[in-house]
>>> print(open('upload-v9.txt').read())   # compact mmCIF, C-alpha atoms
# COMPACT_ATOMS: atom_id res chain seq x y z
CA MET A 24 135.49 -124.64 150.02
CA VAL A 25 136.20 -122.91 146.75
CA SER A 26 132.50 -122.69 145.89
CA VAL A 27 131.69 -121.01 149.22
CA LEU A 28 134.42 -118.47 148.60
CA LYS A 29 133.17 -117.86 145.08
CA ARG A 30 129.60 -117.44 146.21
CA SER A 31 130.42 -115.02 149.00
CA LEU A 32 132.56 -113.01 146.57
CA ALA A 33 129.61 -112.81 144.17
CA ILE A 34 127.25 -111.74 146.96
CA ILE A 35 129.65 -109.02 148.11
CA THR A 36 130.07 -107.75 144.53
CA LEU A 37 126.30 -107.65 144.06
CA LEU A 38 125.87 -105.75 147.31
CA ILE A 39 128.42 -103.16 146.24
CA ILE A 40 126.79 -102.71 142.82
CA GLY A 41 123.35 -102.51 144.41
CA TYR A 42 124.48 -99.86 146.86
CA TRP A 43 125.99 -97.91 143.99
CA LEU A 44 122.79 -97.99 141.93
CA ALA A 45 120.66 -97.06 144.94
CA GLN A 46 122.95 -94.10 145.66
CA GLY A 47 122.72 -92.98 142.05
CA LEU A 48 118.94 -93.26 141.89
CA ALA A 49 118.50 -91.51 145.24
CA GLY A 50 119.66 -88.31 143.57
CA VAL A 51 116.68 -88.37 141.18
CA PRO A 52 113.63 -86.75 142.78
CA PHE A 53 110.79 -89.27 142.79
CA GLY A 54 107.71 -88.51 140.67
CA GLN A 55 109.25 -85.63 138.77
CA ASP A 56 109.32 -85.49 135.00
CA ARG A 57 112.90 -85.83 133.85
CA MET A 58 112.16 -86.31 130.14
CA LEU A 59 113.44 -82.93 129.08
CA VAL A 60 114.70 -84.01 125.65
CA GLY A 61 111.59 -86.07 124.90
CA LYS A 62 109.38 -83.16 125.89
CA TYR A 63 111.34 -80.80 123.68
CA TYR A 64 110.85 -83.10 120.71
CA LEU A 65 107.13 -83.54 121.31
CA GLU A 66 106.50 -79.83 121.71
CA ASN A 67 108.53 -78.65 118.74
CA VAL A 68 108.33 -81.51 116.26
CA LYS A 69 105.55 -80.06 114.10
CA ALA A 70 106.98 -76.58 113.90
CA GLN A 71 110.56 -77.68 113.32
CA THR A 72 110.16 -80.63 110.95
CA GLY A 73 106.64 -80.54 109.53
CA ALA A 74 106.13 -84.23 110.36
CA VAL A 75 103.31 -85.49 112.54
CA ASN A 76 105.16 -88.71 113.39
CA ALA A 77 107.59 -87.64 116.11
CA VAL A 78 109.57 -90.91 116.00
CA THR A 79 110.39 -90.55 112.32
CA ALA A 80 111.17 -86.88 112.75
CA ILE A 81 113.71 -87.75 115.44
CA VAL A 82 115.25 -90.57 113.42
CA VAL A 83 115.53 -88.72 110.11
CA ASN A 84 115.62 -85.09 111.06
CA TYR A 85 117.08 -84.48 114.53
CA ARG A 86 119.33 -87.50 114.29
CA GLY A 87 119.73 -87.79 110.53
CA PHE A 88 123.46 -88.20 110.78
CA ASP A 89 123.00 -91.29 112.94
CA THR A 90 120.60 -92.75 110.37
CA LEU A 91 123.18 -92.15 107.65
CA GLY A 92 125.51 -94.21 109.83
CA GLU A 93 122.93 -96.98 110.06
CA VAL A 94 122.61 -97.04 106.30
CA THR A 95 126.39 -97.34 106.16
CA VAL A 96 126.31 -100.25 108.63
CA LEU A 97 123.85 -102.07 106.39
CA PHE A 98 125.99 -101.29 103.37
CA ILE A 99 129.07 -102.71 105.10
CA ALA A 100 127.12 -105.83 106.11
CA SER A 101 125.98 -106.31 102.53
CA THR A 102 129.52 -105.74 101.27
CA GLY A 103 130.76 -108.31 103.77
CA VAL A 104 128.29 -110.91 102.57
CA GLY A 105 129.23 -110.11 99.00
CA ALA A 106 132.95 -110.40 99.75
CA LEU A 107 132.61 -113.67 101.67
CA LEU A 108 130.46 -115.32 99.01
CA TRP A 109 132.23 -113.83 96.02
CA ARG A 110 133.01 -116.22 93.17
CA ARG A 111 134.12 -115.49 89.64
CA LYS A 112 131.03 -116.96 88.06
CA LYS A 113 127.81 -117.45 89.98
CA ARG A 114 124.50 -118.82 88.85
CA ARG A 115 121.30 -120.23 90.31
CA THR A 116 121.74 -123.95 90.88
CA ALA A 117 118.36 -124.80 92.47
CA LYS A 118 116.84 -127.87 90.86
CA THR A 119 113.29 -128.17 92.12
CA GLU A 120 110.84 -125.78 90.52
CA GLY A 121 108.05 -124.59 92.82
CA SER A 122 104.59 -126.09 92.32
CA VAL A 123 101.94 -124.30 90.30
CA VAL A 124 100.44 -122.92 93.52
CA LEU A 125 103.70 -121.33 94.64
CA ARG A 126 104.57 -119.98 91.20
CA THR A 127 101.17 -118.46 90.47
CA GLY A 128 100.83 -117.14 94.00
CA SER A 129 104.20 -115.41 93.90
CA GLU A 130 103.44 -113.87 90.52
CA LEU A 131 100.17 -112.48 91.83
CA LEU A 132 101.64 -111.24 95.11
CA PHE A 133 104.77 -109.64 93.66
CA PRO A 134 103.18 -106.32 92.58
CA PHE A 135 101.19 -106.08 95.81
CA ILE A 136 104.28 -106.51 97.96
CA LEU A 137 106.07 -103.81 95.96
CA MET A 138 103.09 -101.49 96.44
CA PHE A 139 103.00 -102.22 100.16
CA GLY A 140 106.72 -101.63 100.62
CA THR A 141 106.42 -98.30 98.83
CA TYR A 142 103.39 -97.46 100.94
CA ILE A 143 105.41 -98.07 104.10
CA PHE A 144 108.37 -95.90 103.17
CA ILE A 145 106.45 -93.04 101.56
CA HIS A 146 104.24 -92.68 104.64
CA GLY A 147 107.20 -92.61 107.02
CA HIS A 148 106.38 -89.13 108.28
CA LEU A 149 102.72 -89.99 108.91
CA THR A 150 102.52 -93.59 110.12
CA PRO A 151 104.80 -96.05 111.88
CA GLY A 152 107.27 -97.41 109.38
CA GLY A 153 109.81 -95.84 107.12
CA GLY A 154 112.65 -96.62 104.81
CA PHE A 155 114.10 -99.65 106.59
CA PRO A 156 110.92 -101.77 106.96
CA GLY A 157 109.71 -100.57 103.55
CA GLY A 158 112.94 -101.61 101.90
CA ALA A 159 112.90 -104.96 103.72
CA THR A 160 109.34 -105.55 102.48
CA ILE A 161 110.40 -104.83 98.92
CA ALA A 162 113.29 -107.28 99.28
CA THR A 163 110.86 -110.02 100.35
CA ALA A 164 109.05 -109.60 97.03
CA PHE A 165 112.26 -110.57 95.26
CA LEU A 166 112.95 -113.32 97.79
CA ILE A 167 109.58 -114.87 96.91
CA LEU A 168 110.48 -114.87 93.21
CA TYR A 169 113.79 -116.54 94.07
CA MET A 170 111.91 -119.23 96.00
CA ALA A 171 109.36 -119.90 93.28
CA PHE A 172 111.47 -119.88 90.13
CA VAL A 173 114.68 -121.85 89.71
CA ASP A 174 116.22 -119.48 87.17
CA TYR A 175 115.11 -116.09 88.48
CA GLU A 176 117.78 -113.49 89.20
CA ILE A 177 117.36 -109.84 90.13
CA PRO A 178 118.24 -107.33 87.40
CA HIS A 179 121.82 -106.72 88.59
CA ARG A 180 122.54 -104.04 86.03
CA LEU A 181 119.69 -101.98 87.40
CA PHE A 182 119.97 -102.76 91.10
CA GLU A 183 123.67 -102.19 91.72
CA PRO A 184 123.79 -98.64 90.26
CA LEU A 185 120.46 -97.85 91.92
CA GLU A 186 121.82 -98.85 95.31
CA GLY A 187 124.85 -96.61 94.90
CA LEU A 188 122.80 -93.70 93.59
CA ALA A 189 120.36 -93.92 96.49
CA GLY A 190 123.21 -93.82 99.01
CA MET A 191 124.82 -90.90 97.19
CA GLY A 192 121.43 -89.18 97.05
CA TYR A 193 121.20 -89.25 100.83
CA VAL A 194 124.59 -87.58 101.20
CA LEU A 195 123.66 -85.12 98.46
CA VAL A 196 120.48 -84.07 100.27
CA GLY A 197 122.60 -83.49 103.35
CA LEU A 198 125.17 -81.47 101.40
CA ILE A 199 122.48 -79.26 99.86
CA GLY A 200 121.37 -78.60 103.43
CA LEU A 201 124.93 -77.66 104.30
CA ALA A 202 125.06 -75.24 101.36
CA ILE A 203 121.69 -73.60 102.05
CA GLY A 204 121.55 -73.73 105.81
CA SER A 205 124.27 -74.02 108.34
CA TYR A 206 124.87 -77.71 108.90
CA PHE A 207 124.94 -81.14 107.24
CA LEU A 208 121.44 -82.62 106.77
CA PHE A 209 119.77 -79.25 107.34
CA ASP A 210 116.11 -79.66 106.32
CA TRP A 211 116.06 -77.07 103.56
CA ILE A 212 112.72 -78.15 102.12
CA TRP A 213 110.92 -77.39 105.36
CA GLN A 214 113.00 -74.75 107.10
CA THR A 215 113.93 -72.60 104.10
CA TRP A 216 111.12 -73.20 101.64
CA HIS A 217 108.36 -74.00 104.16
CA TRP A 218 107.09 -76.43 101.57
CA GLY A 219 104.08 -78.41 102.74
CA ALA A 220 103.28 -76.06 105.62
CA ALA A 221 99.68 -75.76 104.42
CA ASN A 222 98.98 -79.48 104.58
CA LEU A 223 100.51 -80.83 107.74
CA GLY A 224 99.60 -84.48 108.22
CA ARG A 225 98.95 -85.11 104.52
CA LEU A 226 101.19 -86.96 102.11
CA PHE A 227 103.14 -84.08 100.59
CA SER A 228 104.55 -82.68 103.82
CA GLY A 229 107.26 -83.45 106.32
CA GLY A 230 110.14 -81.59 104.67
CA PHE A 231 112.82 -83.90 103.36
CA ILE A 232 111.69 -86.93 105.36
CA PRO A 233 109.76 -88.56 102.47
CA ILE A 234 112.67 -87.93 100.11
CA ILE A 235 115.24 -89.43 102.46
CA TYR A 236 112.97 -92.36 103.27
CA THR A 237 112.42 -93.03 99.59
CA LEU A 238 116.18 -93.11 99.09
CA ILE A 239 116.64 -95.35 102.14
CA GLY A 240 113.80 -97.60 100.98
CA LEU A 241 115.39 -98.04 97.55
CA LYS A 242 118.79 -98.59 99.08
CA VAL A 243 117.66 -101.14 101.66
CA GLY A 244 115.44 -102.92 99.13
CA THR A 245 118.17 -103.31 96.54
CA GLU A 246 120.78 -104.11 99.17
CA LEU A 247 118.79 -106.89 100.86
CA SER A 248 117.82 -108.31 97.46
CA GLY A 249 121.52 -108.34 96.67
CA ILE A 250 122.23 -110.27 99.89
CA VAL A 251 119.49 -112.78 98.98
CA ASP A 252 121.05 -113.10 95.55
CA SER A 253 124.54 -113.70 96.97
CA MET A 254 123.20 -116.42 99.23
CA LEU A 255 121.08 -118.21 96.64
CA THR A 256 123.55 -118.33 93.78
CA GLU A 257 126.45 -120.72 93.72
CA GLU A 258 129.69 -121.02 91.90
CA VAL A 259 129.64 -122.83 88.57
CA ARG A 260 132.66 -124.27 86.80
CA GLU A 261 132.89 -124.71 83.09
CA MET B 21 92.93 -119.37 76.63
CA GLY B 22 94.13 -116.54 74.45
CA GLU B 23 96.35 -113.79 75.77
CA ALA B 24 94.92 -110.30 75.76
CA ASN B 25 96.87 -107.49 74.17
CA ARG B 26 99.47 -105.63 76.16
CA PHE B 27 97.47 -102.48 76.76
CA SER B 28 94.55 -104.43 78.18
CA ARG B 29 96.82 -106.35 80.56
CA TYR B 30 98.61 -103.18 81.63
CA ALA B 31 95.36 -101.33 82.23
CA TYR B 32 93.95 -104.20 84.28
CA THR B 33 97.07 -104.33 86.47
CA VAL B 34 96.93 -100.57 87.04
CA ILE B 35 93.27 -100.76 88.05
CA VAL B 36 93.82 -103.59 90.53
CA LEU B 37 96.90 -101.96 92.05
CA PHE B 38 95.15 -98.61 92.37
CA LEU B 39 92.21 -100.26 94.17
CA ILE B 40 94.68 -101.94 96.52
CA TRP B 41 96.32 -98.57 97.15
CA ILE B 42 92.97 -97.02 98.09
CA LEU B 43 92.32 -99.92 100.46
CA LEU B 44 95.79 -99.52 102.01
CA THR B 45 95.60 -95.79 102.58
CA ALA B 46 91.86 -95.82 103.39
CA SER B 47 91.78 -92.21 102.29
CA LEU B 48 90.41 -90.25 99.37
CA ASP B 49 92.82 -87.36 99.91
CA ARG B 50 93.79 -85.97 96.52
CA GLN B 51 97.53 -86.19 97.27
CA GLU B 52 97.26 -89.86 98.18
CA LEU B 53 95.24 -90.61 95.05
CA ILE B 54 97.70 -88.81 92.77
CA PHE B 55 100.70 -90.55 94.25
CA GLY B 56 98.94 -93.92 94.31
CA PHE B 57 97.95 -93.61 90.68
CA LEU B 58 101.48 -92.72 89.58
CA LEU B 59 102.87 -95.57 91.67
CA SER B 60 100.36 -98.02 90.15
CA LEU B 61 101.36 -96.87 86.66
CA PHE B 62 105.00 -97.44 87.54
CA VAL B 63 104.70 -100.79 89.34
CA ALA B 64 102.33 -102.15 86.69
CA SER B 65 104.77 -101.20 83.91
CA PHE B 66 107.10 -104.05 84.84
CA THR B 67 104.82 -106.47 86.67
CA TYR B 68 101.91 -106.76 84.23
CA PRO B 69 103.42 -109.63 82.19
CA MET B 70 103.41 -111.88 85.22
CA PHE B 71 100.34 -110.47 86.91
CA THR B 72 97.69 -111.20 84.30
CA SER B 73 97.29 -112.90 80.98
CA ARG B 74 93.67 -112.01 80.29
CA GLY B 75 93.81 -108.30 81.03
CA LEU B 76 90.59 -106.36 81.16
CA GLY B 77 88.69 -109.54 80.30
CA ASN B 78 88.84 -110.27 84.04
CA LEU B 79 86.45 -107.38 84.63
CA HIS B 80 83.66 -108.91 82.54
CA PRO B 81 80.42 -108.29 84.55
CA ARG B 82 79.66 -112.03 84.66
CA ARG B 83 83.06 -112.78 86.20
CA VAL B 84 82.77 -109.96 88.73
CA ALA B 85 79.26 -111.07 89.70
CA TYR B 86 80.43 -114.66 90.19
CA ALA B 87 83.45 -113.48 92.18
CA MET B 88 81.19 -111.48 94.49
CA ALA B 89 78.82 -114.42 94.88
CA TYR B 90 81.76 -116.71 95.62
CA VAL B 91 82.73 -114.83 98.79
CA PRO B 92 79.57 -115.63 100.81
CA TYR B 93 79.39 -119.11 99.26
CA PHE B 94 82.95 -119.86 100.32
CA LEU B 95 82.44 -118.40 103.79
CA TRP B 96 79.37 -120.61 104.21
CA ALA B 97 81.33 -123.68 103.08
CA MET B 98 84.07 -122.75 105.53
CA ILE B 99 81.64 -122.37 108.45
CA MET B 100 80.04 -125.76 107.69
CA ALA B 101 83.44 -127.43 107.43
CA ASN B 102 84.46 -125.82 110.73
CA LEU B 103 81.37 -127.22 112.45
CA ASP B 104 82.02 -130.63 110.91
CA VAL B 105 85.61 -130.74 112.20
CA ALA B 106 84.52 -129.43 115.60
CA TYR B 107 81.98 -132.27 115.76
CA ARG B 108 84.67 -134.83 114.95
CA VAL B 109 87.00 -133.41 117.59
CA LEU B 110 84.38 -133.23 120.36
CA HIS B 111 82.66 -136.56 119.64
CA PRO B 112 83.80 -139.14 122.24
CA LYS B 113 84.47 -141.79 119.58
CA ARG B 114 86.45 -139.29 117.48
CA PRO B 115 85.14 -140.36 114.07
CA ILE B 116 88.12 -139.56 111.88
CA ARG B 117 89.34 -141.66 108.96
CA PRO B 118 92.13 -139.64 107.36
CA GLY B 119 93.52 -140.43 103.97
CA ILE B 120 94.94 -138.91 100.82
CA VAL B 121 92.62 -138.81 97.82
CA HIS B 122 93.15 -137.95 94.20
CA CYS B 123 90.94 -135.39 92.44
CA LYS B 124 90.91 -134.07 88.92
CA THR B 125 90.01 -130.48 88.13
CA VAL B 126 88.37 -128.98 85.07
CA LEU B 127 90.08 -125.61 85.63
CA LYS B 128 92.63 -124.65 82.99
CA SER B 129 94.20 -121.40 84.19
CA ASN B 130 96.94 -121.27 86.82
CA THR B 131 95.11 -118.60 88.79
CA GLY B 132 92.07 -120.84 88.93
CA LYS B 133 94.17 -123.77 90.14
CA LEU B 134 95.74 -121.56 92.80
CA SER B 135 92.42 -120.35 94.13
CA LEU B 136 90.97 -123.87 94.09
CA ALA B 137 93.97 -125.21 96.03
CA ASN B 138 93.70 -122.38 98.55
CA SER B 139 89.93 -122.76 98.89
CA ILE B 140 90.40 -126.47 99.65
CA THR B 141 93.13 -125.78 102.18
CA LEU B 142 91.17 -123.00 103.88
CA THR B 143 88.16 -125.22 104.47
CA PRO B 144 89.01 -127.28 107.56
CA GLY B 145 89.19 -131.03 107.05
CA THR B 146 90.83 -130.88 103.64
CA ILE B 147 94.37 -129.83 102.76
CA THR B 148 95.86 -129.64 99.29
CA LEU B 149 99.14 -131.51 99.44
CA ASP B 150 100.21 -131.09 95.84
CA VAL B 151 98.95 -129.90 92.49
CA ASP B 152 100.36 -131.52 89.39
CA GLY B 153 98.75 -130.41 86.15
CA GLU B 154 95.07 -131.25 86.57
CA ASP B 155 95.69 -133.70 89.43
CA TYR B 156 95.05 -132.63 93.00
CA PHE B 157 96.28 -134.69 95.94
CA ILE B 158 94.22 -133.85 98.99
CA HIS B 159 94.43 -134.95 102.60
CA TRP B 160 90.92 -135.55 103.91
CA ILE B 161 89.90 -135.97 107.54
CA TRP B 162 87.03 -138.34 106.72
CA VAL B 163 87.32 -140.38 103.55
CA PRO B 164 83.75 -141.58 102.87
CA ASP B 165 82.88 -145.18 101.93
CA GLU B 166 82.14 -144.36 98.29
CA VAL B 167 85.74 -143.13 97.85
CA LEU B 168 87.35 -145.72 100.09
CA GLY B 169 85.54 -148.62 98.48
CA ALA B 170 85.92 -147.47 94.87
CA LYS B 171 86.68 -150.35 92.52
CA THR B 172 88.72 -148.41 89.96
CA GLU B 173 90.95 -145.35 89.95
CA GLY B 174 88.43 -143.55 87.76
CA GLU B 175 85.60 -144.17 90.21
CA HIS B 176 87.78 -143.00 93.12
CA VAL B 177 88.70 -139.78 91.32
CA GLU B 178 85.10 -139.18 90.29
CA ASN B 179 83.69 -139.65 93.80
CA ALA B 180 86.42 -137.60 95.48
CA SER B 181 86.15 -134.76 92.95
CA ARG B 182 82.38 -134.65 93.32
CA ASN B 183 82.78 -134.11 97.05
CA ILE B 184 85.73 -131.75 97.21
CA THR B 185 86.50 -129.84 94.03
CA ARG B 186 83.18 -129.62 92.14
CA PRO B 187 81.36 -127.25 94.52
CA PHE B 188 84.13 -124.67 94.20
CA GLU B 189 84.69 -125.25 90.51
CA LYS B 190 81.16 -124.12 89.63
CA PHE B 191 82.25 -120.60 90.56
CA LEU B 192 85.97 -120.69 89.83
CA LYS B 193 85.39 -121.98 86.30
CA VAL B 194 83.53 -118.77 85.48
CA ILE B 195 85.79 -116.43 87.44
CA PHE B 196 89.19 -117.71 86.32
CA GLY B 197 88.53 -120.27 83.57
>>> encode(input="upload-v9.txt", output="structure tokens")
Amino acid sequence: MVSVLKRSLAIITLLIIGYWLAQGLAGVPFGQDRMLVGKYYLENVKAQTGAVNAVTAIVVNYRGFDTLGEVTVLFIASTGVGALLWRRKKRRTAKTEGSVVLRTGSELLFPFILMFGTYIFIHGHLTPGGGFPGGATIATAFLILYMAFVDYEIPHRLFEPLEGLAGMGYVLVGLIGLAIGSYFLFDWIWQTWHWGAANLGRLFSGGFIPIIYTLIGLKVGTELSGIVDSMLTEEVRE
Amino acid sequence: MGEANRFSRYAYTVIVLFLIWILLTASLDRQELIFGFLLSLFVASFTYPMFTSRGLGNLHPRRVAYAMAYVPYFLWAMIMANLDVAYRVLHPKRPIRPGIVHCKTVLKSNTGKLSLANSITLTPGTITLDVDGEDYFIHWIWVPDEVLGAKTEGEHVENASRNITRPFEKFLKVIFG
């Protein structure tokens, strides 16, 4: 008895929601282009940002403030991991050294992975990719070293200041925009200096997108390496 | 094997990384080349100690020639091994006799051992399970009679090595040492 009641209630609810959606969609004329914002981006992206990759231009330029928020989210996540796994004295405690194949392979691949990560984030305004995947790729290079060597640790003294400086650099670029132009994250390199206007679609173009993506790449790379480090080191007692 | 001096190792790393950069970008645009070269200089500055121990010695013409000859040789070996495994799979009696055999290598360098292990694994039918010093432990889809029926450990190693590692070692010995 109860199940019949439940089921009929569910069916009635679904009917109401369905009617609602149908009513809402009926107001949209069928077959007409409603992508006004998307069209605006596609038509103006080259003139307004100097980037040929519209997706990156939207993420970094039109919606740069949102991306700054994403970087902050990642920073908070990394801080959370660090706080949860914090111990007074931490060290690598892995016992089994990788075999000669793993060790040699990781040594040979390490520079290539760094190159590839940099390639991804420096070409953010030209190809799919950008600071986040580039930084994640760089972090995998360090992850591989952690896997292969029992006593490897990232250079903390270099990475922790670098992470902070990269994050501050992003805000600084935005503040310079505020000083030169009219708003935070104003693209001064492109809109005021018109730097790179002669070589659209080549490497040195795209306004401040490559600069911001380099900063994001460094930040994400050091941050994720830091998370890997927090997870792979354990507390030691004297 | 002696270690080359630091400049030679650094220069070799820069050259390899720059070639990789050109392959990645697939472009000879001057801006890409300038940035790629600077990046190679930078990345090589802290990775060269782990990347190479012989430096520019790796670019000896004899080594490069052997490395280029190794590519078609290895591809041919891989095609033949593929056909062999396909035959074993499709044959109604399924003639497989898997087992783990023990080989010894003459290669000294770690890079050489790595490429030998990967060459063995990439040819179907054989998989490198572990490398310990000069000892290779290899899983083989068809252990032949001469290896299976070997009287002594030495004979077993000799017969297995002759079949699996020797053909690759001819090249890898020259390329990597």
>>> closest_residue(input="upload-v9.txt", among="B:Ala180, B:Val151, B:Ile42, B:Ala87", to="chain A", atoms="all atoms listed in the file")
B:Val151
>>> interface_residues(input="upload-v9.txt", of="chain B", to="chain A", cutoff="10 Å", atoms="all atoms listed in the file", output="PDB file with C-alpha atoms, in the frame of the given file")
ATOM      1  CA  THR B  33      97.070-104.330  86.470  1.00  0.00           C
ATOM      2  CA  VAL B  36      93.820-103.590  90.530  1.00  0.00           C
ATOM      3  CA  LEU B  37      96.900-101.960  92.050  1.00  0.00           C
ATOM      4  CA  PHE B  38      95.150 -98.610  92.370  1.00  0.00           C
ATOM      5  CA  ILE B  40      94.680-101.940  96.520  1.00  0.00           C
ATOM      6  CA  TRP B  41      96.320 -98.570  97.150  1.00  0.00           C
ATOM      7  CA  LEU B  44      95.790 -99.520 102.010  1.00  0.00           C
ATOM      8  CA  THR B  45      95.600 -95.790 102.580  1.00  0.00           C
ATOM      9  CA  ASP B  49      92.820 -87.360  99.910  1.00  0.00           C
ATOM     10  CA  ARG B  50      93.790 -85.970  96.520  1.00  0.00           C
ATOM     11  CA  GLN B  51      97.530 -86.190  97.270  1.00  0.00           C
ATOM     12  CA  GLU B  52      97.260 -89.860  98.180  1.00  0.00           C
ATOM     13  CA  LEU B  53      95.240 -90.610  95.050  1.00  0.00           C
ATOM     14  CA  PHE B  55     100.700 -90.550  94.250  1.00  0.00           C
ATOM     15  CA  GLY B  56      98.940 -93.920  94.310  1.00  0.00           C
ATOM     16  CA  LEU B  59     102.870 -95.570  91.670  1.00  0.00           C
ATOM     17  CA  SER B  60     100.360 -98.020  90.150  1.00  0.00           C
ATOM     18  CA  PHE B  62     105.000 -97.440  87.540  1.00  0.00           C
ATOM     19  CA  VAL B  63     104.700-100.790  89.340  1.00  0.00           C
ATOM     20  CA  ALA B  64     102.330-102.150  86.690  1.00  0.00           C
ATOM     21  CA  PHE B  66     107.100-104.050  84.840  1.00  0.00           C
ATOM     22  CA  THR B  67     104.820-106.470  86.670  1.00  0.00           C
ATOM     23  CA  TYR B  68     101.910-106.760  84.230  1.00  0.00           C
ATOM     24  CA  PRO B  69     103.420-109.630  82.190  1.00  0.00           C
ATOM     25  CA  MET B  70     103.410-111.880  85.220  1.00  0.00           C
ATOM     26  CA  PHE B  71     100.340-110.470  86.910  1.00  0.00           C
ATOM     27  CA  THR B  72      97.690-111.200  84.300  1.00  0.00           C
ATOM     28  CA  SER B 129      94.200-121.400  84.190  1.00  0.00           C
ATOM     29  CA  ASN B 130      96.940-121.270  86.820  1.00  0.00           C
ATOM     30  CA  THR B 131      95.110-118.600  88.790  1.00  0.00           C
ATOM     31  CA  GLY B 132      92.070-120.840  88.930  1.00  0.00           C
ATOM     32  CA  LYS B 133      94.170-123.770  90.140  1.00  0.00           C
ATOM     33  CA  LEU B 134      95.740-121.560  92.800  1.00  0.00           C
ATOM     34  CA  SER B 135      92.420-120.350  94.130  1.00  0.00           C
ATOM     35  CA  LEU B 136      90.970-123.870  94.090  1.00  0.00           C
ATOM     36  CA  ALA B 137      93.970-125.210  96.030  1.00  0.00           C
ATOM     37  CA  ASN B 138      93.700-122.380  98.550  1.00  0.00           C
ATOM     38  CA  THR B 148      95.860-129.640  99.290  1.00  0.00           C
ATOM     39  CA  ASP B 150     100.210-131.090  95.840  1.00  0.00           C
ATOM     40  CA  VAL B 151      98.950-129.900  92.490  1.00  0.00           C
ATOM     41  CA  ASP B 152     100.360-131.520  89.390  1.00  0.00           C
ATOM     42  CA  GLY B 153      98.750-130.410  86.150  1.00  0.00           C
TER      43      GLY B 153
END
>>> atom_distance(input="upload-v9.txt", atom1="CA of Glu258 (chain A)", atom2="CA of Arg114 (chain A)")
6.4 Å
>>> closest_atom_pairs(input="upload-v9.txt", of="region 34-133 of chain A", to="region 250-255 of chain A", cutoff="10 Å", atoms="all atoms listed in the file", output="JSON lines")
{"residue": "A:Ala100", "atom": "CA", "partner": "A:Ile250", "partner_atom": "CA", "distance": 9.1}
{"residue": "A:Ser101", "atom": "CA", "partner": "A:Ile250", "partner_atom": "CA", "distance": 6.1}
{"residue": "A:Thr102", "atom": "CA", "partner": "A:Ile250", "partner_atom": "CA", "distance": 8.7}
{"residue": "A:Gly103", "atom": "CA", "partner": "A:Ile250", "partner_atom": "CA", "distance": 9.6}
{"residue": "A:Val104", "atom": "CA", "partner": "A:Ile250", "partner_atom": "CA", "distance": 6.7}
{"residue": "A:Gly105", "atom": "CA", "partner": "A:Ser253", "partner_atom": "CA", "distance": 6.2}
{"residue": "A:Ala106", "atom": "CA", "partner": "A:Ser253", "partner_atom": "CA", "distance": 9.5}
{"residue": "A:Leu107", "atom": "CA", "partner": "A:Ser253", "partner_atom": "CA", "distance": 9.3}
{"residue": "A:Leu108", "atom": "CA", "partner": "A:Ser253", "partner_atom": "CA", "distance": 6.5}
{"residue": "A:Trp109", "atom": "CA", "partner": "A:Ser253", "partner_atom": "CA", "distance": 7.7}
{"residue": "A:Arg110", "atom": "CA", "partner": "A:Ser253", "partner_atom": "CA", "distance": 9.6}
{"residue": "A:Lys113", "atom": "CA", "partner": "A:Ser253", "partner_atom": "CA", "distance": 8.6}
{"residue": "A:Arg114", "atom": "CA", "partner": "A:Leu255", "partner_atom": "CA", "distance": 8.5}
{"residue": "A:Arg115", "atom": "CA", "partner": "A:Leu255", "partner_atom": "CA", "distance": 6.6}
{"residue": "A:Thr116", "atom": "CA", "partner": "A:Leu255", "partner_atom": "CA", "distance": 8.2}
{"residue": "A:Ala117", "atom": "CA", "partner": "A:Leu255", "partner_atom": "CA", "distance": 8.3}
>>> residues_around(input="upload-v9.txt", residues="Leu65 (chain A)", least_positions_apart="3", cutoff="10 Å", atoms="only C-alpha atoms", output="PyMOL selection string")
chain A and resi 60-62+68-69+75-78+81
>>> atom_distance(input="upload-v9.txt", atom1="CA of Pro115 (chain B)", atom2="CA of Leu103 (chain B)")
13.8 Å
>>> closest_residue(input="upload-v9.txt", among="A:Leu247, A:Val259, A:Leu223, A:Trp211", to="Ile99 (chain A)", atoms="only C-alpha atoms")
A:Leu247
>>> residues_near_point(input="upload-v9.txt", point="(86.4, -114.6, 82.3)", cutoff="12 Å", atoms="only C-alpha atoms", output="number ranges by chain")
B: 21-24, 72-87, 128-129, 131-132, 191-197
>>> atom_distance(input="upload-v9.txt", atom1="CA of His179 (chain A)", atom2="CA of Ala31 (chain B)")
27.7 Å
>>> axis_aligned_box(input="upload-v9.txt", around="region 78-81 of chain B", padding_each_side="8 Å", output="lines of an AutoDock Vina configuration file")
center_x = 84.6
center_y = -108.8
center_z = 83.6
size_x = 24.4
size_y = 18.9
size_z = 18.1
>>> closest_residue(input="upload-v9.txt", among="B:Val34, B:Leu43, B:Cys123, B:Ile140", to="Arg182 (chain B)", atoms="all atoms listed in the file")
B:Cys123
